[in-house]
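Novice: Pasting structure-v3.cif here (mmCIF, C-alpha atoms and all ligand atoms):
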data_input
#
loop_
_atom_site.label_atom_id
_atom_site.label_comp_id
_atom_site.auth_asym_id
_atom_site.auth_seq_id
_atom_site.Cartn_x
_atom_site.Cartn_y
_atom_site.Cartn_z
CA MET P 1 0.00 0.00 0.00
CA ARG P 2 1.23 3.45 -0.86
CA PHE P 3 0.13 6.19 1.50
CA SER P 4 2.06 9.38 1.76
CA GLU P 5 1.38 12.88 2.96
CA ASN P 6 0.28 13.81 -0.59
CA SER P 7 -2.58 11.35 -0.16
CA LEU P 8 -4.05 13.35 2.72
CA PHE P 9 -6.41 16.23 1.95
CA VAL P 10 -7.70 18.38 4.82
CA ALA P 11 -10.40 20.97 4.18
CA PRO P 12 -11.78 23.51 6.70
CA THR P 13 -15.41 22.43 6.39
CA PRO P 14 -17.50 19.54 5.02
CA VAL P 15 -18.66 21.77 2.15
CA LYS P 16 -15.09 22.68 1.18
CA LEU P 17 -14.15 19.00 1.46
CA ALA P 18 -16.96 18.06 -0.91
CA GLU P 19 -15.71 20.65 -3.38
CA GLU P 20 -12.13 19.34 -3.08
CA LEU P 21 -13.18 15.72 -3.53
CA ALA P 22 -15.39 16.55 -6.52
CA GLY P 23 -12.49 18.33 -8.22
CA TRP P 24 -10.17 15.43 -7.45
CA PHE P 25 -12.74 12.95 -8.79
CA TYR P 26 -12.98 14.97 -12.01
CA SER P 27 -9.20 14.95 -12.39
CA GLN P 28 -9.19 11.17 -12.02
CA VAL P 29 -11.72 10.45 -14.77
CA PHE P 30 -10.81 13.25 -17.17
CA ASN P 31 -8.27 11.04 -18.85
CA HIS P 32 -6.60 12.78 -21.75
CA SER P 33 -4.57 9.84 -22.92
CA ASN P 34 -7.26 7.23 -23.41
CA ALA P 35 -10.63 8.61 -24.48
CA SER P 36 -12.24 5.16 -24.56
CA LYS P 37 -11.17 4.00 -21.08
CA GLN P 38 -14.04 2.78 -18.93
CA TYR P 39 -13.99 3.52 -15.19
CA TYR P 40 -15.34 1.15 -12.55
CA ILE P 41 -16.20 3.01 -9.36
CA ALA P 42 -17.85 1.91 -6.11
CA LEU P 43 -19.71 4.52 -4.09
CA SER P 44 -19.89 4.83 -0.33
CA GLY P 45 -23.11 4.79 1.63
CA GLY P 46 -24.09 6.89 4.60
CA THR P 47 -24.64 10.63 4.72
CA THR P 48 -21.12 12.03 4.32
CA PRO P 49 -21.07 11.68 0.52
CA VAL P 50 -24.31 13.72 0.01
CA LEU P 51 -22.54 17.07 -0.30
CA PHE P 52 -19.96 15.53 -2.63
CA PHE P 53 -22.69 13.88 -4.74
CA ASN P 54 -24.54 17.16 -5.20
CA TYR P 55 -21.39 19.14 -5.90
CA LEU P 56 -20.14 16.60 -8.45
CA ALA P 57 -23.50 16.63 -10.28
CA SER P 58 -23.89 20.41 -10.14
CA TYR P 59 -20.40 21.53 -11.10
CA TYR P 60 -18.99 18.64 -13.12
CA GLY P 61 -22.11 16.85 -14.33
CA ASN P 62 -21.88 18.40 -17.80
CA TYR P 63 -18.11 17.97 -18.14
CA ILE P 64 -17.73 14.27 -17.45
CA ASP P 65 -18.52 11.64 -20.08
CA TRP P 66 -20.63 9.41 -17.84
CA SER P 67 -20.96 6.84 -20.64
CA ARG P 68 -17.45 5.74 -19.66
CA ILE P 69 -18.28 5.19 -16.00
CA HIS P 70 -19.86 2.23 -14.19
CA PHE P 71 -21.09 2.82 -10.64
CA PHE P 72 -21.32 0.12 -8.00
CA TRP P 73 -21.75 0.36 -4.22
CA ALA P 74 -19.36 -0.50 -1.38
CA ASP P 75 -22.33 -1.67 0.64
CA GLU P 76 -26.09 -1.51 0.96
CA ARG P 77 -28.71 -1.80 3.59
CA CYS P 78 -31.15 -4.68 3.10
CA VAL P 79 -34.07 -2.42 2.31
CA SER P 80 -35.95 -1.56 -0.87
CA PRO P 81 -34.42 1.00 -3.25
CA ASP P 82 -37.10 3.54 -2.38
CA ASP P 83 -36.44 3.29 1.35
CA ASN P 84 -34.81 6.41 2.85
CA ASP P 85 -32.19 4.10 4.37
CA SER P 86 -31.11 2.88 0.93
CA ASN P 87 -27.60 3.90 -0.13
CA TYR P 88 -28.77 3.58 -3.72
CA LYS P 89 -31.63 6.03 -3.06
CA THR P 90 -29.22 8.49 -1.44
CA ALA P 91 -26.97 8.39 -4.49
CA TYR P 92 -29.90 8.49 -6.93
CA VAL P 93 -31.66 11.48 -5.35
CA ASN P 94 -28.47 13.52 -4.84
CA PHE P 95 -26.43 12.50 -7.87
CA LEU P 96 -27.45 9.84 -10.38
CA SER P 97 -30.82 11.45 -11.16
CA LYS P 98 -28.92 14.64 -12.10
CA ILE P 99 -26.41 13.21 -14.57
CA ASN P 100 -26.70 11.59 -17.97
CA ILE P 101 -25.53 8.06 -17.21
CA PRO P 102 -26.86 4.93 -18.94
CA ALA P 103 -29.04 2.96 -16.51
CA SER P 104 -27.15 -0.18 -17.52
CA GLN P 105 -24.04 1.32 -15.95
CA VAL P 106 -25.60 1.81 -12.53
CA HIS P 107 -25.11 -1.50 -10.74
CA ARG P 108 -27.07 -1.27 -7.53
CA ILE P 109 -27.08 -3.88 -4.79
CA ARG P 110 -30.66 -5.18 -4.61
CA GLY P 111 -31.36 -4.61 -0.93
CA GLU P 112 -34.87 -5.92 -1.33
CA GLU P 113 -33.66 -9.43 -2.20
CA ASP P 114 -32.61 -12.28 0.07
CA PRO P 115 -29.22 -11.07 1.50
CA GLU P 116 -27.28 -14.28 0.97
CA GLN P 117 -28.57 -14.76 -2.59
CA GLU P 118 -27.97 -11.09 -3.44
CA ALA P 119 -24.41 -11.20 -2.11
CA GLU P 120 -23.72 -14.07 -4.50
CA ARG P 121 -25.48 -12.35 -7.39
CA TYR P 122 -23.68 -9.05 -6.84
CA ALA P 123 -20.30 -10.76 -6.74
CA GLN P 124 -21.13 -12.33 -10.10
CA GLU P 125 -22.23 -8.99 -11.53
CA ILE P 126 -18.95 -7.40 -10.40
CA ARG P 127 -16.98 -10.27 -11.92
CA SER P 128 -18.88 -9.97 -15.21
CA VAL P 129 -18.28 -6.21 -15.53
CA VAL P 130 -15.11 -5.14 -13.70
CA PRO P 131 -11.78 -6.17 -15.27
CA GLU P 132 -9.74 -8.52 -13.09
CA GLU P 133 -6.15 -8.42 -11.89
CA ASP P 134 -4.75 -11.44 -10.04
CA ASN P 135 -8.13 -13.11 -10.61
CA ILE P 136 -9.91 -10.45 -8.52
CA PRO P 137 -11.97 -7.59 -10.02
CA ARG P 138 -9.98 -4.36 -9.78
CA PHE P 139 -12.03 -1.21 -9.32
CA ASP P 140 -10.44 2.01 -10.55
CA LEU P 141 -11.80 3.81 -7.50
CA ILE P 142 -13.67 2.91 -4.33
CA LEU P 143 -15.11 5.69 -2.18
CA LEU P 144 -15.58 4.81 1.50
CA GLY P 145 -16.87 6.46 4.64
CA MET P 146 -16.06 5.59 8.25
CA GLY P 147 -18.42 5.25 11.15
CA SER P 148 -17.68 6.71 14.59
CA ASP P 149 -16.86 3.13 15.67
CA GLY P 150 -14.22 2.81 12.96
CA HIS P 151 -16.24 0.59 10.64
CA THR P 152 -16.18 1.07 6.91
CA ALA P 153 -18.58 -0.20 4.27
CA SER P 154 -20.65 -2.63 6.35
CA LEU P 155 -17.64 -4.25 8.01
CA PHE P 156 -18.64 -3.69 11.62
CA PRO P 157 -16.59 -4.26 14.78
CA HIS P 158 -16.32 -7.84 16.09
CA GLN P 159 -17.19 -9.35 12.71
CA SER P 160 -13.58 -10.38 12.04
CA GLU P 161 -14.67 -13.30 9.84
CA LEU P 162 -15.67 -10.72 7.24
CA LEU P 163 -12.21 -9.17 7.29
CA SER P 164 -10.56 -12.42 6.22
CA SER P 165 -13.30 -13.59 3.87
CA GLU P 166 -12.15 -15.05 0.55
CA LYS P 167 -15.42 -13.86 -0.99
CA LEU P 168 -15.88 -10.60 -2.90
CA VAL P 169 -19.21 -9.75 -1.29
CA GLU P 170 -20.57 -10.76 2.12
CA THR P 171 -23.66 -10.20 4.22
CA SER P 172 -23.36 -8.53 7.61
CA GLU P 173 -25.48 -6.93 10.30
CA ASN P 174 -25.40 -3.54 11.96
CA PRO P 175 -24.67 -4.52 15.60
CA VAL P 176 -26.78 -1.65 16.96
CA THR P 177 -29.86 -1.72 14.74
CA HIS P 178 -29.48 -5.39 13.68
CA GLN P 179 -30.23 -4.21 10.17
CA ARG P 180 -28.98 -6.73 7.59
CA ARG P 181 -26.35 -5.44 5.21
CA ILE P 182 -24.48 -6.48 2.04
CA THR P 183 -20.86 -5.36 1.78
CA LEU P 184 -17.76 -5.59 -0.37
CA THR P 185 -14.96 -7.42 1.44
CA PRO P 186 -11.43 -6.18 2.18
CA ARG P 187 -10.17 -8.79 -0.33
CA LEU P 188 -12.06 -6.98 -3.09
CA ILE P 189 -11.59 -3.43 -1.77
CA ASN P 190 -7.83 -3.86 -1.34
CA ASN P 191 -7.49 -4.92 -4.99
CA ALA P 192 -8.63 -1.49 -6.18
CA ALA P 193 -6.31 0.96 -7.91
CA LYS P 194 -7.45 3.83 -5.67
CA VAL P 195 -9.40 3.87 -2.41
CA VAL P 196 -10.62 7.14 -0.92
CA PHE P 197 -11.93 7.70 2.60
CA GLN P 198 -14.15 10.75 3.00
CA VAL P 199 -14.57 11.45 6.72
CA THR P 200 -15.89 14.51 8.51
CA GLY P 201 -16.63 15.52 12.08
CA PHE P 202 -14.81 15.81 15.38
CA ALA P 203 -16.51 12.62 16.64
CA LYS P 204 -14.32 10.59 14.28
CA ALA P 205 -11.08 12.50 14.94
CA GLY P 206 -9.71 10.06 17.50
CA ILE P 207 -10.01 7.02 15.24
CA VAL P 208 -8.81 8.96 12.18
CA GLY P 209 -5.76 10.01 14.17
CA GLU P 210 -5.05 6.45 15.36
CA ILE P 211 -5.36 5.02 11.85
CA LEU P 212 -3.36 7.68 10.03
CA GLN P 213 -0.62 7.55 12.66
CA GLN P 214 -0.80 3.73 12.40
CA LYS P 215 -1.11 3.37 16.18
CA PRO P 216 -1.37 -0.26 17.43
CA GLU P 217 -4.88 0.32 18.81
CA SER P 218 -6.13 1.17 15.31
CA ALA P 219 -5.96 -2.54 14.40
CA GLN P 220 -9.40 -3.04 16.00
CA TYR P 221 -11.11 -0.91 13.34
CA SER P 222 -12.11 -2.38 9.98
CA ALA P 223 -11.18 0.95 8.35
CA SER P 224 -7.55 0.21 9.29
CA LYS P 225 -7.69 -3.01 7.26
CA ILE P 226 -8.16 -1.06 4.04
CA LYS P 227 -4.66 -1.14 2.54
CA PRO P 228 -4.70 -1.40 -1.26
CA LEU P 229 -2.18 -4.11 -2.20
CA ARG P 230 -1.16 -2.49 -5.49
CA GLY P 231 -2.91 0.80 -5.25
CA ASP P 232 -3.17 4.15 -3.55
CA LEU P 233 -5.05 5.15 -0.40
CA TYR P 234 -6.35 8.68 0.05
CA TRP P 235 -7.96 10.40 3.01
CA PHE P 236 -10.20 13.41 2.44
CA ILE P 237 -11.06 14.80 5.87
CA ASP P 238 -12.35 18.07 7.27
CA ALA P 239 -10.77 20.07 10.11
CA GLY P 240 -13.01 18.36 12.68
CA ALA P 241 -11.89 14.88 11.69
CA ALA P 242 -8.27 16.07 11.54
CA LYS P 243 -8.29 17.44 15.11
CA GLU P 244 -6.25 14.59 16.61
CA LEU P 245 -3.84 14.31 13.69
CA PHE P 246 -1.36 16.91 14.69
CA ARG P 247 -1.19 16.25 18.40
C1 LIG U 301 -23.32 2.81 5.34
C2 LIG U 301 -21.92 3.10 4.96
C3 LIG U 301 -21.05 3.24 6.16
C4 LIG U 301 -20.82 4.73 6.28
C5 LIG U 301 -20.29 5.09 7.63
C6 LIG U 301 -20.28 6.60 7.79
O1 LIG U 301 -24.02 2.11 4.61
O2 LIG U 301 -23.72 3.39 6.38
O3 LIG U 301 -21.41 2.48 3.98
O4 LIG U 301 -19.82 2.59 6.10
O5 LIG U 301 -19.91 5.16 5.26
O6 LIG U 301 -21.15 4.51 8.61
O7 LIG U 301 -21.61 7.05 7.73
P1 LIG U 301 -21.94 8.62 7.70
O8 LIG U 301 -21.33 9.13 6.43
O9 LIG U 301 -23.43 8.69 7.68
O10 LIG U 301 -21.29 9.19 8.94
#
Can you turn what I pasted into structure tokens?
Ligand code: 6PG

Specialist:
Amino acid sequence: MRFSENSLFVAPTPVKLAEELAGWFYSQVFNHSNASKQYYIALSGGTTPVLFFNYLASYYGNYIDWSRIHFFWADERCVSPDDNDSNYKTAYVNFLSKINIPASQVHRIRGEEDPEQEAERYAQEIRSVVPEEDNIPRFDLILLGMGSDGHTASLFPHQSELLSSEKLVETSENPVTHQRRITLTPRLINNAAKVVFQVTGFAKAGIVGEILQQKPESAQYSASKIKPLRGDLYWFIDAGAAKELFR
């Protein structure tokens, strides 16, 4: 894994962070050298990406050739796509409904289906669309968030069997709400070319600090297990989440 100080972006506010991440995203897909390259990108769930989604659609929506981009999700709640808890719905309302992307290139996790069967199906869909490297699909970019307990995607604390899973997609459960989830595994995530964490808020500063300073206690958090094997890791954080970084 390559992580250096030029992979850390700190912005003063969540809005400024969204602007910075949207500009960075644009720079990643505006590929001069290969106009036909397709990009395979997995989106984060949760609420943090909402500002980024809206900014990307509003300011770059008309400048990106979305016909070259395939969107997947890092995880999904086992709810229907019109449920307010759905990560797909969050992305659709704030982003996908505002850009001109072929529906066939939006690969949602079907939260309304049986979790175990959908995890299998989604893994197959990823394998059939995303080019492989070392026999594992290699996303160009995976966007992740982090919970205040240090989880990422739907890899929650004390579910260590998920962290070592040989599968590409697993089912899990939110330990607080007991909501069923479907999630990409570290095996798949760590095969990506680029992985980006977007984290905001003082409540997450302690864990962000432990992970970025690679403190021993950070090993308990699934977010610390995200270490792209042959790729780059980026952290986009706001001043609140950076509070413990420079202590
Ligand atoms: C989800 C996410 C999860 C999220 C973190 C942060 O489905 O909830 O994938 O990993 O990114 O919990 O959530 P917030 O952005 O809402 O703080």

Novice: Residues up to 6 Å from ligand LIG 301 (chain U), counting all atoms listed in the file: could you list those as a short mmCIF file (atom, residue, chain, number, x, y, z; two decimals) with C-alpha atoms, keeping the file's coordinate frame?

Specialist:
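The resulting file, out09.cif, is shown below:
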data_model
loop_
_atom_site.label_atom_id
_atom_site.label_comp_id
_atom_site.auth_asym_id
_atom_site.auth_seq_id
_atom_site.Cartn_x
_atom_site.Cartn_y
_atom_site.Cartn_z
CA SER P 44 -19.89 4.83 -0.33
CA GLY P 45 -23.11 4.79 1.63
CA GLY P 46 -24.09 6.89 4.60
CA THR P 47 -24.64 10.63 4.72
CA THR P 48 -21.12 12.03 4.32
CA ASP P 75 -22.33 -1.67 0.64
CA GLU P 76 -26.09 -1.51 0.96
CA LEU P 144 -15.58 4.81 1.50
CA GLY P 145 -16.87 6.46 4.64
CA MET P 146 -16.06 5.59 8.25
CA GLY P 147 -18.42 5.25 11.15
CA THR P 152 -16.18 1.07 6.91
CA ALA P 153 -18.58 -0.20 4.27
CA SER P 154 -20.65 -2.63 6.35
#

Novice: Would you mind listing, for every residue of segment 7-43 of chain P within 6 Å of segment 49-71 of chain P, the two atoms forming the shortest contact and the distance between them in Å to one decimal, using all atoms listed in the file, sorted by chain and ascending residue number, as JSON lines?

Specialist:
{"residue": "P:Ala18", "atom": "CA", "partner": "P:Phe52", "partner_atom": "CA", "distance": 4.3}
{"residue": "P:Ala22", "atom": "CA", "partner": "P:Leu56", "partner_atom": "CA", "distance": 5.1}
{"residue": "P:Gln38", "atom": "CA", "partner": "P:Arg68", "partner_atom": "CA", "distance": 4.6}
{"residue": "P:Tyr39", "atom": "CA", "partner": "P:Ile69", "partner_atom": "CA", "distance": 4.7}
{"residue": "P:Tyr40", "atom": "CA", "partner": "P:His70", "partner_atom": "CA", "distance": 4.9}
{"residue": "P:Ile41", "atom": "CA", "partner": "P:Phe71", "partner_atom": "CA", "distance": 5.1}
{"residue": "P:Ala42", "atom": "CA", "partner": "P:Phe71", "partner_atom": "CA", "distance": 5.6}

Novice: Taking 5 positions as the minimum chain separation for residues in the same chain, which residues sit within 10 Å of segment 125-133 of chain P when counting all atoms listed in the file? Answer as a compact mmCIF listing (two decimals) with C-alpha atoms, keeping the file's coordinate frame.

Specialist:
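So out26.txt came out as:
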# COMPACT_ATOMS: atom_id res chain seq x y z
CA GLN P 38 -14.04 2.78 -18.93
CA TYR P 39 -13.99 3.52 -15.19
CA TYR P 40 -15.34 1.15 -12.55
CA ILE P 41 -16.20 3.01 -9.36
CA HIS P 70 -19.86 2.23 -14.19
CA PHE P 72 -21.32 0.12 -8.00
CA GLN P 105 -24.04 1.32 -15.95
CA HIS P 107 -25.11 -1.50 -10.74
CA ARG P 108 -27.07 -1.27 -7.53
CA ILE P 109 -27.08 -3.88 -4.79
CA ALA P 119 -24.41 -11.20 -2.11
CA GLU P 120 -23.72 -14.07 -4.50
CA ARG P 138 -9.98 -4.36 -9.78
CA PHE P 139 -12.03 -1.21 -9.32
CA ASP P 140 -10.44 2.01 -10.55
CA LEU P 168 -15.88 -10.60 -2.90
CA VAL P 169 -19.21 -9.75 -1.29
CA ASN P 191 -7.49 -4.92 -4.99
CA ALA P 192 -8.63 -1.49 -6.18

Novice: If you count all atoms listed in the file, which residues fall within 9 Å of Lys204 of chain P, apart from same-chain ones fewer than 3 positions away, as a list in words?

Specialist: Met146, Gly147, Ser148, Asp149, Gly150, Val199, Thr200, Gly201, Ile207, Val208, Gly209, Gly240, Ala241 and Ala242 of chain P

Novice: Please return the centre and edge lengths, in Å to one decimal, of a box with edges along x, y and z that contains all listed atoms of segment 122-130 of chain P, widened by 5 Å on every side, as lines of an AutoDock Vina configuration file.

Specialist:
center_x = -19.4
center_y = -8.7
center_z = -11.1
size_x = 18.6
size_y = 17.2
size_z = 18.8

Novice: From the set P:Ser222, P:Gln213, P:Ser104, P:Asn87, which residue has the shortest atom-to-atom contact distance to Leu162 of chain P, counting all atoms listed in the file?

Specialist: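 Using all atoms listed in the file, the shortest distance to Leu162 of chain P belongs to P:Ser222.
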
Novice: Can you work out the spacing between atom CA of Ile237 of chain P and atom CA of Gln198 of chain P in Å, to one decimal?

Specialist: 5.8 Å

Novice: Smallest atom-to-atom distance to Ser86 of chain P: which of P:Gln179, P:Asn135, P:Thr185, P:Ser160, using all atoms listed in the file?

Specialist: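 Nearest candidate to Ser86 of chain P out of P:Gln179, P:Asn135, P:Thr185, P:Ser160: P:Gln179.
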
Novice: Distance atom CA of Glu170 of chain P-atom CA of Leu96 of chain P, one decimal place?

Specialist: 25.1 Å
